[in-house]
file start_9.cif (mmCIF, C-alpha atoms)
data_start
loop_
_atom_site.label_atom_id
_atom_site.label_comp_id
_atom_site.auth_asym_id
_atom_site.auth_seq_id
_atom_site.Cartn_x
_atom_site.Cartn_y
_atom_site.Cartn_z
CA ASN A 7 13.77 1.84 8.02
CA LYS A 8 13.65 3.63 11.39
CA ALA A 9 10.26 2.31 12.53
CA ARG A 10 10.37 0.37 15.79
CA ASP A 11 6.71 -0.28 16.65
CA TYR A 12 4.51 0.34 13.65
CA LEU A 13 4.37 1.65 10.11
CA TYR A 14 0.92 2.41 8.69
CA ILE A 15 0.48 3.30 5.02
CA THR A 16 -2.58 4.28 3.03
CA THR A 17 -2.14 4.45 -0.74
CA PRO A 18 -4.42 4.19 -3.76
CA TYR A 19 -1.63 2.63 -5.84
CA LEU A 20 0.72 0.03 -4.36
CA VAL A 21 3.36 -0.43 -7.05
CA PRO A 22 6.62 -0.37 -5.04
CA ASP A 23 9.99 -1.13 -6.55
CA PRO A 24 11.90 -4.22 -5.34
CA GLY A 25 13.90 -2.17 -2.83
CA MET A 26 10.75 -0.79 -1.20
CA ILE A 27 9.22 -4.28 -1.01
CA GLU A 28 12.41 -5.52 0.63
CA ASP A 29 12.37 -2.65 3.14
CA LEU A 30 8.72 -3.26 4.08
CA ILE A 31 9.34 -6.98 4.56
CA ARG A 32 12.51 -6.35 6.56
CA ALA A 33 10.58 -4.04 8.88
CA ALA A 34 7.79 -6.60 9.33
CA LYS A 35 10.25 -9.42 10.01
CA SER A 36 12.01 -7.28 12.62
CA GLY A 37 8.75 -7.03 14.59
CA VAL A 38 7.37 -3.76 13.24
CA ASP A 39 3.58 -3.83 12.70
CA VAL A 40 3.44 -2.95 8.99
CA ARG A 41 -0.08 -2.36 7.65
CA ILE A 42 -1.07 -1.06 4.24
CA ILE A 43 -4.54 0.03 3.15
CA THR A 44 -5.38 0.07 -0.57
CA PRO A 45 -8.77 0.56 -2.26
CA ARG A 46 -11.06 -2.35 -3.14
CA HIS A 47 -12.74 -0.13 -5.73
CA TYR A 48 -10.24 1.31 -8.18
CA ASP A 49 -10.06 4.19 -10.61
CA LYS A 50 -7.57 2.48 -12.95
CA TRP A 51 -8.09 -1.28 -13.40
CA TYR A 52 -4.56 -1.93 -14.67
CA VAL A 53 -2.94 -0.24 -11.64
CA TYR A 54 -5.26 -2.18 -9.35
CA MET A 55 -4.16 -5.42 -11.02
CA VAL A 56 -0.49 -4.59 -10.37
CA THR A 57 -1.34 -3.49 -6.82
CA VAL A 58 -2.96 -6.87 -6.11
CA SER A 59 -0.06 -8.72 -7.73
CA ASN A 60 2.24 -7.24 -5.06
CA TYR A 61 0.16 -8.51 -2.13
CA GLY A 62 1.52 -12.07 -2.07
CA GLU A 63 5.18 -11.26 -1.52
CA LEU A 64 4.32 -8.64 1.09
CA ILE A 65 1.88 -10.87 2.99
CA ARG A 66 4.35 -13.77 3.00
CA GLY A 67 6.92 -11.33 4.39
CA GLY A 68 4.68 -10.37 7.32
CA VAL A 69 3.11 -7.17 5.96
CA LYS A 70 -0.63 -6.90 6.62
CA ILE A 71 -2.65 -5.78 3.60
CA TYR A 72 -6.16 -4.36 3.85
CA GLU A 73 -8.58 -3.29 1.16
CA TYR A 74 -10.94 -0.41 1.86
CA VAL A 75 -14.39 -1.81 1.03
CA PRO A 76 -16.86 1.15 0.85
CA GLY A 77 -15.30 2.77 -2.23
CA PHE A 78 -12.16 4.28 -3.70
CA ILE A 79 -9.71 5.63 -1.13
CA HIS A 80 -7.25 8.22 -2.35
CA GLN A 81 -5.33 8.95 0.86
CA LYS A 82 -1.55 8.97 0.63
CA ASN A 83 -0.45 8.75 4.25
CA LEU A 84 2.37 7.22 6.22
CA ILE A 85 2.44 7.12 10.03
CA VAL A 86 5.36 5.84 12.12
CA ASP A 87 5.56 5.12 15.87
CA ASP A 88 3.39 8.07 17.05
CA GLU A 89 6.39 10.22 16.11
CA MET A 90 6.19 10.99 12.40
CA ALA A 91 3.62 11.21 9.65
CA MET A 92 3.51 12.20 6.01
CA CYS A 93 0.51 13.29 4.00
CA GLY A 94 0.56 14.48 0.42
CA THR A 95 0.39 13.55 -3.25
CA ILE A 96 3.03 10.81 -3.32
CA ASN A 97 1.71 7.45 -4.49
CA MET A 98 3.69 4.28 -3.84
CA ASP A 99 4.75 3.82 -7.44
CA PHE A 100 7.78 4.35 -9.63
CA ARG A 101 6.43 7.45 -11.36
CA SER A 102 5.66 9.26 -8.11
CA PHE A 103 9.03 8.39 -6.58
CA TYR A 104 11.26 9.10 -9.58
CA LEU A 105 9.48 11.02 -12.35
CA HIS A 106 6.82 13.35 -10.97
CA TYR A 107 7.18 16.38 -8.76
CA GLU A 108 5.08 15.11 -5.89
CA ASP A 109 4.69 16.90 -2.58
CA SER A 110 4.19 15.73 0.94
CA VAL A 111 4.09 17.31 4.37
CA LEU A 112 6.33 15.71 7.00
CA MET A 113 5.14 16.13 10.57
CA THR A 114 7.06 15.14 13.67
CA GLY A 115 6.16 15.36 17.34
CA MET A 116 2.80 17.05 16.83
CA GLN A 117 -0.87 16.27 17.46
CA PRO A 118 -1.76 15.67 13.78
CA VAL A 119 0.47 12.55 13.87
CA ILE A 120 -1.75 11.07 16.59
CA ASP A 121 -4.88 12.23 14.74
CA MET A 122 -3.70 10.51 11.55
CA LYS A 123 -3.08 7.29 13.47
CA ALA A 124 -6.61 7.45 14.91
CA ASP A 125 -7.99 7.99 11.41
CA PHE A 126 -6.03 4.99 10.13
CA ILE A 127 -7.39 2.77 12.93
CA GLU A 128 -10.94 3.99 12.18
CA THR A 129 -10.45 3.34 8.47
CA LEU A 130 -9.35 -0.24 9.25
CA THR A 131 -12.88 -0.92 10.54
CA LYS A 132 -14.09 -0.39 6.96
CA CYS A 133 -11.48 -2.68 5.45
CA GLU A 134 -11.06 -6.37 4.77
CA GLU A 135 -7.71 -7.96 5.52
CA ILE A 136 -6.31 -9.90 2.59
CA ASP A 137 -4.70 -13.14 3.71
CA ILE A 138 -2.52 -15.37 1.58
CA LYS A 139 -5.27 -17.96 0.99
CA LYS A 140 -7.66 -15.34 -0.34
CA TRP A 141 -4.92 -13.83 -2.51
CA GLU A 142 -3.96 -17.22 -3.97
CA LYS A 143 -7.62 -17.97 -4.85
CA ARG A 144 -7.93 -15.05 -7.27
CA PRO A 145 -9.00 -16.08 -10.80
CA ILE A 146 -6.35 -17.54 -13.11
CA ARG A 147 -7.08 -14.87 -15.73
CA HIS A 148 -6.32 -12.20 -13.11
CA LYS A 149 -3.03 -13.91 -12.30
CA MET A 150 -2.09 -13.94 -15.99
CA ILE A 151 -3.04 -10.28 -16.51
CA GLN A 152 -1.16 -9.32 -13.35
CA ALA A 153 1.99 -11.16 -14.45
CA ILE A 154 1.98 -9.31 -17.77
CA LEU A 155 1.21 -5.92 -16.25
CA ARG A 156 3.98 -6.24 -13.65
CA ILE A 157 6.48 -6.07 -16.49
CA PHE A 158 5.18 -2.57 -17.24
CA SER A 159 4.80 -1.45 -13.62
CA PRO A 160 7.53 1.25 -13.84
CA LEU A 161 5.35 2.96 -16.43
CA LEU A 162 2.17 2.93 -14.33
#
call {"tool": "encode", "arguments": {"input": "start_9.cif", "output": "structure tokens"}}
result
Amino acid sequence: NKARDYLYITTPYLVPDPGMIEDLIRAAKSGVDVRIITPRHYDKWYVYMVTVSNYGELIRGGVKIYEYVPGFIHQKNLIVDDEMAMCGTINMDFRSFYLHYEDSVLMTGMQPVIDMKADFIETLTKCEEIDIKKWEKRPIRHKMIQAILRIFSPLL
């Protein structure tokens, strides 16, 4: 909510609650460059399906979504405005936010923040941006599975 220029997120599981989706879209609509990297290759197919189901609303709201193409990416990073970064075990899902005892390191005003931003930019070169047309063209069976799985997303 405090980002002014950019907010970069890398997460293997993008299963945010409605409030988080609203916050990300609000930031994007206010002019913040919001970019999220998720894996193209997944470790849990059902979580990937829910992750993809969240793309549409975020993309329409101005959030840029990228999938890491070479393999599974398990980074859990957040970088804001060259000022703050977090790195740890916290996934962007209900269980990590509310049920598990996840840890993260918060860094402010230090060189690792700039290093993490550089790593994010480098990682983007190995990603494909998902636009709304590509997202809408996913198979109908995927859309049906995703709609059903979204009901259970707080359990994922």
call {"tool": "resolve_selection", "arguments": {"input": "start_9.cif", "expression": "the PyMOL selection byres ((chain A and resi 82) around 12)", "output": "NGL selection string"}}
result
:A and (14-20 or 42-45 or 79-81 or 83-85 or 91-99 or 102 or 108-111 or 122 or 126)
call {"tool": "closest_residue", "arguments": {"input": "start_9.cif", "among": "A:Ile71, A:Asn7, A:Gly25, A:Lys35", "to": "Lys140 of chain A", "atoms": "only C-alpha atoms"}}
result
A:Ile71
call {"tool": "closest_residue", "arguments": {"input": "start_9.cif", "among": "A:Pro118, A:Pro22, A:Pro76, A:Pro145", "to": "Thr57 of chain A", "atoms": "only C-alpha atoms"}}
result
A:Pro22
call {"tool": "residues_around", "arguments": {"input": "start_9.cif", "residues": "Asp49 of chain A", "least_positions_apart": "2", "cutoff": "9 Å", "atoms": "all atoms listed in the file", "output": "JSON list (two decimals) with C-alpha atoms, in the coordinates of the input"}}
result
[["chain", "number", "residue", "atom", "x", "y", "z"],
["A", 18, "PRO", "CA", -4.42, 4.19, -3.76],
["A", 47, "HIS", "CA", -12.74, -0.13, -5.73],
["A", 51, "TRP", "CA", -8.09, -1.28, -13.40],
["A", 53, "VAL", "CA", -2.94, -0.24, -11.64],
["A", 54, "TYR", "CA", -5.26, -2.18, -9.35],
["A", 78, "PHE", "CA", -12.16, 4.28, -3.70]]
call {"tool": "atom_distance", "arguments": {"input": "start_9.cif", "atom1": "atom CA of Val38 of chain A", "atom2": "atom CA of Leu64 of chain A"}}
result
13.4 Å
call {"tool": "residues_around", "arguments": {"input": "start_9.cif", "residues": "Leu30 of chain A", "least_positions_apart": "3", "cutoff": "12 Å", "atoms": "only C-alpha atoms", "output": "PyMOL selection string"}}
result
chain A and resi 7-9+12-15+22-27+33-42+60-61+63-71
call {"tool": "atom_distance", "arguments": {"input": "start_9.cif", "atom1": "atom CA of Thr114 of chain A", "atom2": "atom CA of Glu134 of chain A"}}
result
29.5 Å
call {"tool": "atom_distance", "arguments": {"input": "start_9.cif", "atom1": "atom CA of Thr129 of chain A", "atom2": "atom CA of Val58 of chain A"}}
result
19.3 Å
call {"tool": "residues_around", "arguments": {"input": "start_9.cif", "residues": "Met90 of chain A", "least_positions_apart": "3", "cutoff": "8 Å", "atoms": "only C-alpha atoms", "output": "PDB file with C-alpha atoms, in the coordinates of the input"}}
result
ATOM      1  CA  ILE A  85       2.440   7.120  10.030  1.00  0.00           C
ATOM      2  CA  VAL A  86       5.360   5.840  12.120  1.00  0.00           C
ATOM      3  CA  ASP A  87       5.560   5.120  15.870  1.00  0.00           C
ATOM      4  CA  LEU A 112       6.330  15.710   7.000  1.00  0.00           C
ATOM      5  CA  MET A 113       5.140  16.130  10.570  1.00  0.00           C
ATOM      6  CA  THR A 114       7.060  15.140  13.670  1.00  0.00           C
ATOM      7  CA  GLY A 115       6.160  15.360  17.340  1.00  0.00           C
ATOM      8  CA  VAL A 119       0.470  12.550  13.870  1.00  0.00           C
TER       9      VAL A 119
END
call {"tool": "closest_residue", "arguments": {"input": "start_9.cif", "among": "A:Asp121, A:Asp88, A:Tyr72, A:Met55", "to": "Arg10 of chain A", "atoms": "all atoms listed in the file"}}
result
A:Asp88
call {"tool": "resolve_selection", "arguments": {"input": "start_9.cif", "expression": "the PyMOL selection byres ((chain A and resi 132) around 7)", "output": "ChimeraX atom specification"}}
result
/A:74-76,129-131,133
call {"tool": "build_atoms", "arguments": {"input": "start_9.cif", "residues": "segment 30-46 of chain A", "atoms": "N, CA, C and O atoms", "output": "PDB file, keeping the file's coordinate frame"}}
result
ATOM      1  N   LEU A  30       9.962  -2.998   3.345  1.00  0.00           N
ATOM      2  CA  LEU A  30       8.720  -3.260   4.080  1.00  0.00           C
ATOM      3  C   LEU A  30       8.753  -4.636   4.741  1.00  0.00           C
ATOM      4  O   LEU A  30       8.368  -4.797   5.900  1.00  0.00           O
ATOM      5  N   ILE A  31       9.243  -5.625   4.011  1.00  0.00           N
ATOM      6  CA  ILE A  31       9.340  -6.980   4.560  1.00  0.00           C
ATOM      7  C   ILE A  31      10.365  -7.042   5.682  1.00  0.00           C
ATOM      8  O   ILE A  31      10.126  -7.663   6.723  1.00  0.00           O
ATOM      9  N   ARG A  32      11.478  -6.371   5.508  1.00  0.00           N
ATOM     10  CA  ARG A  32      12.510  -6.350   6.560  1.00  0.00           C
ATOM     11  C   ARG A  32      11.947  -5.747   7.845  1.00  0.00           C
ATOM     12  O   ARG A  32      12.176  -6.263   8.941  1.00  0.00           O
ATOM     13  N   ALA A  33      11.191  -4.665   7.701  1.00  0.00           N
ATOM     14  CA  ALA A  33      10.580  -4.040   8.880  1.00  0.00           C
ATOM     15  C   ALA A  33       9.619  -5.006   9.555  1.00  0.00           C
ATOM     16  O   ALA A  33       9.656  -5.180  10.777  1.00  0.00           O
ATOM     17  N   ALA A  34       8.760  -5.659   8.763  1.00  0.00           N
ATOM     18  CA  ALA A  34       7.790  -6.600   9.330  1.00  0.00           C
ATOM     19  C   ALA A  34       8.492  -7.767  10.033  1.00  0.00           C
ATOM     20  O   ALA A  34       8.101  -8.172  11.129  1.00  0.00           O
ATOM     21  N   LYS A  35       9.527  -8.284   9.417  1.00  0.00           N
ATOM     22  CA  LYS A  35      10.250  -9.420  10.010  1.00  0.00           C
ATOM     23  C   LYS A  35      11.019  -9.015  11.262  1.00  0.00           C
ATOM     24  O   LYS A  35      11.328  -9.866  12.092  1.00  0.00           O
ATOM     25  N   SER A  36      11.314  -7.732  11.415  1.00  0.00           N
ATOM     26  CA  SER A  36      12.010  -7.280  12.620  1.00  0.00           C
ATOM     27  C   SER A  36      11.045  -6.979  13.766  1.00  0.00           C
ATOM     28  O   SER A  36      11.459  -6.540  14.820  1.00  0.00           O
ATOM     29  N   GLY A  37       9.739  -7.216  13.534  1.00  0.00           N
ATOM     30  CA  GLY A  37       8.750  -7.030  14.590  1.00  0.00           C
ATOM     31  C   GLY A  37       7.927  -5.756  14.479  1.00  0.00           C
ATOM     32  O   GLY A  37       7.064  -5.502  15.316  1.00  0.00           O
ATOM     33  N   VAL A  38       8.165  -4.964  13.456  1.00  0.00           N
ATOM     34  CA  VAL A  38       7.370  -3.760  13.240  1.00  0.00           C
ATOM     35  C   VAL A  38       6.005  -4.169  12.672  1.00  0.00           C
ATOM     36  O   VAL A  38       5.925  -5.024  11.792  1.00  0.00           O
ATOM     37  N   ASP A  39       4.940  -3.582  13.185  1.00  0.00           N
ATOM     38  CA  ASP A  39       3.580  -3.830  12.700  1.00  0.00           C
ATOM     39  C   ASP A  39       3.385  -3.003  11.421  1.00  0.00           C
ATOM     40  O   ASP A  39       3.115  -1.809  11.490  1.00  0.00           O
ATOM     41  N   VAL A  40       3.561  -3.637  10.283  1.00  0.00           N
ATOM     42  CA  VAL A  40       3.440  -2.950   8.990  1.00  0.00           C
ATOM     43  C   VAL A  40       2.068  -3.272   8.415  1.00  0.00           C
ATOM     44  O   VAL A  40       1.738  -4.433   8.178  1.00  0.00           O
ATOM     45  N   ARG A  41       1.269  -2.213   8.213  1.00  0.00           N
ATOM     46  CA  ARG A  41      -0.080  -2.360   7.650  1.00  0.00           C
ATOM     47  C   ARG A  41      -0.241  -1.390   6.501  1.00  0.00           C
ATOM     48  O   ARG A  41       0.139  -0.229   6.609  1.00  0.00           O
ATOM     49  N   ILE A  42      -0.839  -1.890   5.420  1.00  0.00           N
ATOM     50  CA  ILE A  42      -1.070  -1.060   4.240  1.00  0.00           C
ATOM     51  C   ILE A  42      -2.543  -1.170   3.849  1.00  0.00           C
ATOM     52  O   ILE A  42      -3.076  -2.274   3.738  1.00  0.00           O
ATOM     53  N   ILE A  43      -3.162  -0.026   3.641  1.00  0.00           N
ATOM     54  CA  ILE A  43      -4.540   0.030   3.150  1.00  0.00           C
ATOM     55  C   ILE A  43      -4.513   0.479   1.696  1.00  0.00           C
ATOM     56  O   ILE A  43      -3.893   1.492   1.366  1.00  0.00           O
ATOM     57  N   THR A  44      -5.186  -0.291   0.840  1.00  0.00           N
ATOM     58  CA  THR A  44      -5.380   0.070  -0.570  1.00  0.00           C
ATOM     59  C   THR A  44      -6.888   0.020  -0.854  1.00  0.00           C
ATOM     60  O   THR A  44      -7.649  -0.559  -0.081  1.00  0.00           O
ATOM     61  N   PRO A  45      -7.328   0.582  -1.961  1.00  0.00           N
ATOM     62  CA  PRO A  45      -8.770   0.560  -2.260  1.00  0.00           C
ATOM     63  C   PRO A  45      -9.224  -0.769  -2.845  1.00  0.00           C
ATOM     64  O   PRO A  45      -8.501  -1.396  -3.613  1.00  0.00           O
ATOM     65  N   ARG A  46     -10.422  -1.199  -2.501  1.00  0.00           N
ATOM     66  CA  ARG A  46     -11.060  -2.350  -3.140  1.00  0.00           C
ATOM     67  C   ARG A  46     -11.642  -1.909  -4.482  1.00  0.00           C
ATOM     68  O   ARG A  46     -11.622  -2.639  -5.456  1.00  0.00           O
TER      69      ARG A  46
END
